[in-house]
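The next block holds one structure in the form of structure tokens; read it before the comments.
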Amino acid sequence: MKQITLLICGFVMAISAYSQAFSVKGKISGANIPVTFVLAYAGQELKQMSNDGTFSFSGTQFPANATLKLIPYNPHLTLEDTSYWSWVKPYSHLLGARTFFLEGNVTINGKSMNDATVNGMNQKLYETFRLKEEALTKSLDSISSLGKATDEPEEDENDGPEQPGSVPSEATQKLFAKLSALRLGFVKKYPDSYFSLNLADETSSSGDVATFNKMLDALSERMRKTERFASLKVMAKGFNMNKLGNVAKAFELNTATGTPVSLTSYKGKYVLIDFWASWCAPCRAENPNVVKAYNEFKDKNFDILSISLDAKREEWLKAVKEDQLPWTQVIDKKGAGSVALAYAVTGIPDNVLLDPNGVIIGKGLRGAALQAALSKVLK
């Protein structure tokens with residue numbers, strides 16, 4: 001099932017009282033042609049042209065994961081042009097990216113991006129951790145790929161989420177345990193680190209709720225005062241609330257015209273709370289299935305309330321029109337007031353199906369799974 005994973009940094013404002021000044025400087029000595037450097041972090045991108053491989057970025061941002069990319073520059077071609085990739089072949093060794101943690105002053109130097117060295121505040125510590133994490137993740141991916149190749153039929157991405165009855169292999173469970181122990185161990189050892197707070201954010205979308213909660217408990221008082229921690233605590237409560245058989249948390253959000261819509265106004269109906277965004281390709285691909293379900297069951301005491309995670313109002317409304325979504329559309333709030341956070345939404349598309357009493361009777365229903373769930377209760 002295709003889904004776009006969300007991190008808390010996407011819910012909180014990029015600039016806050018806890019943002020810090022940063023700089024990213026350096027040189028890629030092998031870049032002997034004009035190139036473009038792209039610094040990507042927290043949903044933002046900064047671009048800079050360079051004729052000699054040097055670069056210098058600065059700004060203000062809450063510490064976050066970042067990537068520095070190098071792209072050979074052609075004034076007449078873009079990456080979307082097929083001919084660009086023919087032109088760039090002699091310079092393909094320059095293409096590359098370097099991931100790091102954006103905190104304080106960072107320098108990145110090397111002959112190419114692939115052999116570049118990152119220096120700065122605790123960068124060596126962070127990189128050592130990431131290498132250990134990456135080794136465990138690769139082992140997990142290898143086991144997963146082997147299992148799909150030998151034991152599982154081809155997945156239909158419209159069949160909905162993985163069934164709760166499926167049990168990971170013993171080897172998979174051991175690797176998951178090692179990965180959880182590695183992450184939790186780092187947070188416990190460095191509880192006052194923004195990198196540890198970032199790890200808790202990443203773990204929130206891994207499905208390992210127990211480790212996530214332990215991480216939050218381990219973080220320092222300074223980290224607990226951040227807006228990001230406050231949002232993570234909202235999500236922690238959401239994991240506890242968003243379970244089958246529980247009453248869904250009430251909320252109120254506005255439509256595009258500013259009209260408030262409350263969940264309580266749907267009491268007495270079966271309602272699907274649908275989380276999506278215009279920029280989410282899997283969401284857009286799923287919308288025809290949601291429209292089909294709506295048209296089939298709308299006259300049987302069923303309705304849909306879609307909550308958009310869009311930041312750009314125009315893009316949201318354009319997508320609603322293009323996908324022909326006739327039911328009520330509202331837009332989520334930012335920060336700790338986010339309904340997606342309150343429902344512990346870690347990826348989109350996602351949804352929650354409620355009965356007329358507001359009790360959760362279905363979660364993560366896609367394609368055939370949504371049709372089956374609605375057919376069962378709306379006979």
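To be explicit about the labels: the chains of the structure tokens are called A, B, and onward in the order shown, and within each one the residues are counted from 1, while ligands get numbers from 1 in the order they are shown.
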Within 7 Å of stretch 16-32 of chain A: each stretch 97-131 of chain A residue with its shortest pair, only C-alpha atoms, as JSON lines:
{"residue": "A:Glu103", "atom": "CA", "partner": "A:Phe22", "partner_atom": "CA", "distance": 6.2}
{"residue": "A:Gly104", "atom": "CA", "partner": "A:Phe22", "partner_atom": "CA", "distance": 4.6}
{"residue": "A:Asn105", "atom": "CA", "partner": "A:Ser23", "partner_atom": "CA", "distance": 4.8}
{"residue": "A:Val106", "atom": "CA", "partner": "A:Val24", "partner_atom": "CA", "distance": 4.8}
{"residue": "A:Thr107", "atom": "CA", "partner": "A:Lys25", "partner_atom": "CA", "distance": 4.9}
{"residue": "A:Ile108", "atom": "CA", "partner": "A:Gly26", "partner_atom": "CA", "distance": 4.9}
{"residue": "A:Asn109", "atom": "CA", "partner": "A:Lys27", "partner_atom": "CA", "distance": 5.0}
{"residue": "A:Gly110", "atom": "CA", "partner": "A:Ile28", "partner_atom": "CA", "distance": 5.1}
{"residue": "A:Lys111", "atom": "CA", "partner": "A:Gly30", "partner_atom": "CA", "distance": 4.7}
{"residue": "A:Ser112", "atom": "CA", "partner": "A:Ile28", "partner_atom": "CA", "distance": 5.5}
{"residue": "A:Met113", "atom": "CA", "partner": "A:Ile28", "partner_atom": "CA", "distance": 6.9}
With C-alpha atoms retained, export the selected residues as a PDB file, in the first residue's frame.
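Contents of the output file again38.pdb:
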ATOM      1  CA  GLU A 103      22.328  22.286  13.375  1.00  0.00           C
ATOM      2  CA  GLY A 104      24.615  25.264  13.905  1.00  0.00           C
ATOM      3  CA  ASN A 105      27.560  25.785  11.563  1.00  0.00           C
ATOM      4  CA  VAL A 106      28.240  22.919   9.150  1.00  0.00           C
ATOM      5  CA  THR A 107      31.033  22.502   6.592  1.00  0.00           C
ATOM      6  CA  ILE A 108      30.995  19.988   3.737  1.00  0.00           C
ATOM      7  CA  ASN A 109      34.147  19.457   1.675  1.00  0.00           C
ATOM      8  CA  GLY A 110      35.418  16.854  -0.773  1.00  0.00           C
ATOM      9  CA  LYS A 111      36.323  16.086  -4.351  1.00  0.00           C
ATOM     10  CA  SER A 112      32.753  14.921  -5.028  1.00  0.00           C
ATOM     11  CA  MET A 113      29.514  14.742  -3.068  1.00  0.00           C
TER      12      MET A 113
END
Within 8 Å of A:Tyr294 using only C-alpha atoms, minus same-chain residues under 5 positions, as a list in words:
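Returned residues: Phe302, Asp303 and Ile304 of chain A.
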Generate the output file for the selected residues, N, CA, C and O atoms, as a PDB file, in the first residue's frame.
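The resulting file, selection-v1.pdb, is shown below:
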ATOM      1  N   PHE A 302     -24.662   7.711   5.221  1.00  0.00           N
ATOM      2  CA  PHE A 302     -23.194   7.741   5.174  1.00  0.00           C
ATOM      3  C   PHE A 302     -22.728   9.081   4.612  1.00  0.00           C
ATOM      4  O   PHE A 302     -23.327   9.631   3.691  1.00  0.00           O
ATOM      5  N   ASP A 303     -21.637   9.591   5.177  1.00  0.00           N
ATOM      6  CA  ASP A 303     -21.059  10.840   4.681  1.00  0.00           C
ATOM      7  C   ASP A 303     -19.539  10.788   4.838  1.00  0.00           C
ATOM      8  O   ASP A 303     -18.996   9.891   5.500  1.00  0.00           O
ATOM      9  N   ILE A 304     -18.871  11.738   4.227  1.00  0.00           N
ATOM     10  CA  ILE A 304     -17.408  11.833   4.293  1.00  0.00           C
ATOM     11  C   ILE A 304     -17.036  13.252   4.713  1.00  0.00           C
ATOM     12  O   ILE A 304     -17.669  14.226   4.289  1.00  0.00           O
TER      13      ILE A 304
END
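The gap separating atom CA of A:Gly43 from atom CA of A:Ser83 is 28.4 Å, in Å to one decimal.
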Excluding A:Ala250 and residues on its chain fewer than 4 positions from it, collect all residues at most 9 Å away from it, counting only C-alpha atoms, and give them as a ChimeraX atom specification.
/A:262-264,358
Given only C-alpha atoms as the counted atoms, nearest of A:Gln173, A:Thr328, A:Asn198, A:Asn287 to A:Asp350
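Smallest distance to A:Asp350 is found for A:Asn287.
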Please measure the separation of atom CA of A:Tyr73 and atom CA of A:Val35, giving the value in Å to one decimal.
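One can read the atom CA of A:Tyr73 to atom CA of A:Val35 distance as 4.6 Å.
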DSSP on the backbone, then: every residue of stretch 163-306 of chain A marked strand (DSSP E), written as number ranges by chain.
A: 252-254, 260-262, 270-276, 302-306
Would you put the residues from that selection into a file with N, CA and C atoms, as a short mmCIF file (atom, residue, chain, number, x, y, z; two decimals), in the first residue's frame?
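To be explicit, this is the file written out as result_6.cif:
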data_model
loop_
_atom_site.label_atom_id
_atom_site.label_comp_id
_atom_site.auth_asym_id
_atom_site.auth_seq_id
_atom_site.Cartn_x
_atom_site.Cartn_y
_atom_site.Cartn_z
N GLU A 252 -13.09 20.69 15.50
CA GLU A 252 -13.76 21.66 14.64
C GLU A 252 -12.71 22.30 13.74
N LEU A 253 -12.97 22.27 12.43
CA LEU A 253 -12.08 22.87 11.44
C LEU A 253 -12.91 23.70 10.46
N ASN A 254 -12.23 24.56 9.70
CA ASN A 254 -12.92 25.48 8.79
C ASN A 254 -12.87 25.01 7.35
N PRO A 260 -17.03 27.07 10.10
CA PRO A 260 -16.58 26.00 11.00
C PRO A 260 -17.43 24.74 10.84
N VAL A 261 -16.76 23.60 10.85
CA VAL A 261 -17.44 22.30 10.75
C VAL A 261 -16.95 21.44 11.91
N SER A 262 -17.89 20.92 12.70
CA SER A 262 -17.52 20.09 13.85
C SER A 262 -17.85 18.63 13.58
N TYR A 270 -22.97 7.33 9.78
CA TYR A 270 -21.67 6.73 9.54
C TYR A 270 -20.84 7.77 8.79
N VAL A 271 -19.63 8.03 9.27
CA VAL A 271 -18.82 9.07 8.62
C VAL A 271 -17.39 8.58 8.47
N LEU A 272 -16.83 8.87 7.31
CA LEU A 272 -15.43 8.56 7.03
C LEU A 272 -14.63 9.85 7.15
N ILE A 273 -13.71 9.91 8.11
CA ILE A 273 -12.80 11.05 8.23
C ILE A 273 -11.59 10.73 7.35
N ASP A 274 -11.41 11.53 6.31
CA ASP A 274 -10.42 11.25 5.27
C ASP A 274 -9.29 12.27 5.32
N PHE A 275 -8.05 11.80 5.55
CA PHE A 275 -6.88 12.68 5.59
C PHE A 275 -6.13 12.59 4.26
N TRP A 276 -5.85 13.75 3.65
CA TRP A 276 -5.20 13.75 2.35
C TRP A 276 -4.53 15.10 2.09
N PHE A 302 -24.66 7.71 5.22
CA PHE A 302 -23.19 7.74 5.17
C PHE A 302 -22.73 9.08 4.61
N ASP A 303 -21.64 9.59 5.18
CA ASP A 303 -21.06 10.84 4.68
C ASP A 303 -19.54 10.79 4.84
N ILE A 304 -18.87 11.74 4.23
CA ILE A 304 -17.41 11.83 4.29
C ILE A 304 -17.04 13.25 4.71
N LEU A 305 -16.02 13.36 5.55
CA LEU A 305 -15.44 14.65 5.92
C LEU A 305 -13.95 14.57 5.62
N SER A 306 -13.51 15.32 4.61
CA SER A 306 -12.10 15.28 4.21
C SER A 306 -11.32 16.40 4.89
#
Using only C-alpha atoms, which protein or nucleic acid residues come within 9 Å of A:Ala97? Drop anything in the same chain fewer than 4 positions from it, and give the result as an MDAnalysis selection string.
chainID A and resid 67:70 113:114
Fewer than 3 positions away in the same chain doesn't count, so skip those; otherwise give me all residues within 6 Å of A:Thr255, counting only C-alpha atoms, as a list in words.
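Residues meeting the cut-off are Gly258, Thr259, Gln329 and Val330 of chain A.
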Run DSSP on the backbone of this structure and report the residues of stretch 54-271 of chain A it assigns to helix (DSSP H, G or I), as a PyMOL selection string.
chain A and resi 82-87+89-94+113-115+123-150+170-189+194-204+209-218+221-224+227-241+263-266
What does the file look like for those residues with C-alpha atoms, as an mmCIF file, in the first residue's frame?
data_model
loop_
_atom_site.group_PDB
_atom_site.id
_atom_site.type_symbol
_atom_site.label_atom_id
_atom_site.label_comp_id
_atom_site.auth_asym_id
_atom_site.auth_seq_id
_atom_site.Cartn_x
_atom_site.Cartn_y
_atom_site.Cartn_z
ATOM 1 C CA THR A 82 15.440 14.041 -21.661
ATOM 2 C CA SER A 83 18.378 15.617 -23.474
ATOM 3 C CA TYR A 84 19.772 16.878 -20.139
ATOM 4 C CA TRP A 85 20.648 13.333 -19.127
ATOM 5 C CA SER A 86 22.547 12.794 -22.359
ATOM 6 C CA TRP A 87 24.418 16.061 -21.872
ATOM 7 C CA LYS A 89 26.866 11.847 -18.848
ATOM 8 C CA PRO A 90 30.475 13.137 -18.951
ATOM 9 C CA TYR A 91 29.819 14.914 -15.639
ATOM 10 C CA SER A 92 27.732 12.193 -13.976
ATOM 11 C CA HIS A 93 30.469 11.684 -11.370
ATOM 12 C CA LEU A 94 29.560 15.126 -10.023
ATOM 13 C CA MET A 113 29.514 14.742 -3.068
ATOM 14 C CA ASN A 114 29.969 10.994 -2.659
ATOM 15 C CA ASP A 115 33.251 11.341 -0.736
ATOM 16 C CA GLN A 123 28.188 15.741 13.106
ATOM 17 C CA LYS A 124 30.569 12.792 13.609
ATOM 18 C CA LEU A 125 28.398 11.481 16.439
ATOM 19 C CA TYR A 126 25.259 11.734 14.298
ATOM 20 C CA GLU A 127 26.921 10.119 11.286
ATOM 21 C CA THR A 128 28.196 7.183 13.347
ATOM 22 C CA PHE A 129 24.667 6.583 14.595
ATOM 23 C CA ARG A 130 23.176 6.817 11.089
ATOM 24 C CA LEU A 131 25.663 4.252 9.744
ATOM 25 C CA LYS A 132 24.624 1.745 12.433
ATOM 26 C CA GLU A 133 20.965 2.506 11.799
ATOM 27 C CA GLU A 134 21.410 2.147 8.042
ATOM 28 C CA ALA A 135 23.057 -1.277 8.431
ATOM 29 C CA LEU A 136 20.089 -2.583 10.442
ATOM 30 C CA THR A 137 17.576 -1.012 8.050
ATOM 31 C CA LYS A 138 19.277 -2.640 5.047
ATOM 32 C CA SER A 139 19.115 -6.016 6.781
ATOM 33 C CA LEU A 140 15.395 -5.501 7.406
ATOM 34 C CA ASP A 141 14.848 -4.526 3.785
ATOM 35 C CA SER A 142 16.721 -7.632 2.624
ATOM 36 C CA ILE A 143 14.551 -9.934 4.737
ATOM 37 C CA SER A 144 11.413 -8.131 3.572
ATOM 38 C CA SER A 145 12.406 -8.442 -0.092
ATOM 39 C CA LEU A 146 13.246 -12.121 0.333
ATOM 40 C CA GLY A 147 9.902 -12.794 1.980
ATOM 41 C CA LYS A 148 7.963 -11.064 -0.782
ATOM 42 C CA ALA A 149 9.889 -12.925 -3.448
ATOM 43 C CA THR A 150 9.358 -16.382 -1.950
ATOM 44 C CA GLU A 170 11.501 -14.159 14.083
ATOM 45 C CA ALA A 171 14.491 -12.680 12.243
ATOM 46 C CA THR A 172 12.506 -9.548 11.420
ATOM 47 C CA GLN A 173 11.345 -9.150 15.008
ATOM 48 C CA LYS A 174 14.942 -9.432 16.275
ATOM 49 C CA LEU A 175 16.164 -6.777 13.850
ATOM 50 C CA PHE A 176 13.278 -4.483 14.789
ATOM 51 C CA ALA A 177 14.196 -4.952 18.445
ATOM 52 C CA LYS A 178 17.844 -4.072 17.710
ATOM 53 C CA LEU A 179 16.817 -0.986 15.746
ATOM 54 C CA SER A 180 14.487 0.168 18.521
ATOM 55 C CA ALA A 181 17.185 -0.422 21.138
ATOM 56 C CA LEU A 182 19.706 1.554 19.061
ATOM 57 C CA ARG A 183 17.398 4.555 18.721
ATOM 58 C CA LEU A 184 16.183 4.512 22.315
ATOM 59 C CA GLY A 185 19.740 4.063 23.565
ATOM 60 C CA PHE A 186 20.875 7.186 21.730
ATOM 61 C CA VAL A 187 18.017 9.268 23.152
ATOM 62 C CA LYS A 188 18.703 8.070 26.687
ATOM 63 C CA LYS A 189 22.416 8.832 26.323
ATOM 64 C CA TYR A 194 17.844 18.086 19.041
ATOM 65 C CA PHE A 195 18.958 15.016 17.112
ATOM 66 C CA SER A 196 17.314 12.863 19.824
ATOM 67 C CA LEU A 197 14.103 14.885 19.500
ATOM 68 C CA ASN A 198 14.287 14.315 15.757
ATOM 69 C CA LEU A 199 14.715 10.554 16.342
ATOM 70 C CA ALA A 200 11.542 10.528 18.420
ATOM 71 C CA ASP A 201 9.763 12.244 15.520
ATOM 72 C CA GLU A 202 11.030 9.618 13.063
ATOM 73 C CA THR A 203 10.034 6.792 15.397
ATOM 74 C CA SER A 204 6.481 8.155 15.621
ATOM 75 C CA VAL A 209 4.587 3.193 19.695
ATOM 76 C CA ALA A 210 6.150 1.718 22.845
ATOM 77 C CA THR A 211 9.659 2.922 21.919
ATOM 78 C CA PHE A 212 8.256 6.280 20.813
ATOM 79 C CA ASN A 213 6.670 6.850 24.233
ATOM 80 C CA LYS A 214 9.871 5.823 26.029
ATOM 81 C CA MET A 215 11.812 8.329 23.931
ATOM 82 C CA LEU A 216 9.465 11.139 24.911
ATOM 83 C CA ASP A 217 9.841 10.218 28.576
ATOM 84 C CA ALA A 218 13.661 10.257 28.243
ATOM 85 C CA GLU A 221 13.406 19.492 30.098
ATOM 86 C CA ARG A 222 14.818 21.798 27.387
ATOM 87 C CA MET A 223 13.521 19.528 24.616
ATOM 88 C CA ARG A 224 10.144 19.270 26.376
ATOM 89 C CA GLU A 227 6.778 23.174 19.979
ATOM 90 C CA ARG A 228 7.917 19.973 18.301
ATOM 91 C CA PHE A 229 7.778 18.059 21.592
ATOM 92 C CA ALA A 230 4.294 19.464 22.293
ATOM 93 C CA SER A 231 3.164 18.147 18.908
ATOM 94 C CA LEU A 232 4.713 14.748 19.593
ATOM 95 C CA LYS A 233 2.813 14.547 22.881
ATOM 96 C CA VAL A 234 -0.437 15.243 21.019
ATOM 97 C CA MET A 235 0.396 12.374 18.676
ATOM 98 C CA ALA A 236 1.204 10.094 21.630
ATOM 99 C CA LYS A 237 -2.311 10.717 22.969
ATOM 100 C CA GLY A 238 -3.627 10.115 19.458
ATOM 101 C CA PHE A 239 -2.093 6.643 19.318
ATOM 102 C CA ASN A 240 -3.981 5.816 22.503
ATOM 103 C CA MET A 241 -7.271 7.290 21.246
ATOM 104 C CA LEU A 263 -17.323 16.325 14.003
ATOM 105 C CA THR A 264 -20.259 16.307 16.415
ATOM 106 C CA SER A 265 -22.509 17.598 13.615
ATOM 107 C CA TYR A 266 -22.164 14.163 11.990
#
Straight-line distance linking atom CA of A:Ile331 with atom CA of A:Lys312, stated in Å to one decimal:
10.2 Å
Skip stretch 296-301 of chain A itself and residues of its chain fewer than 2 positions away, then list as a VMD selection string all residues within 12 Å of it, counting only C-alpha atoms.
chain A and resid 266 to 272 289 to 294 303 to 304 326 to 327 354 to 356 370 to 379
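The shortest atom-to-atom distance to A:Gly335, with only C-alpha atoms taken into account, belongs to A:Thr226 out of A:Asn242, A:Glu322, A:Asp208, A:Thr226.
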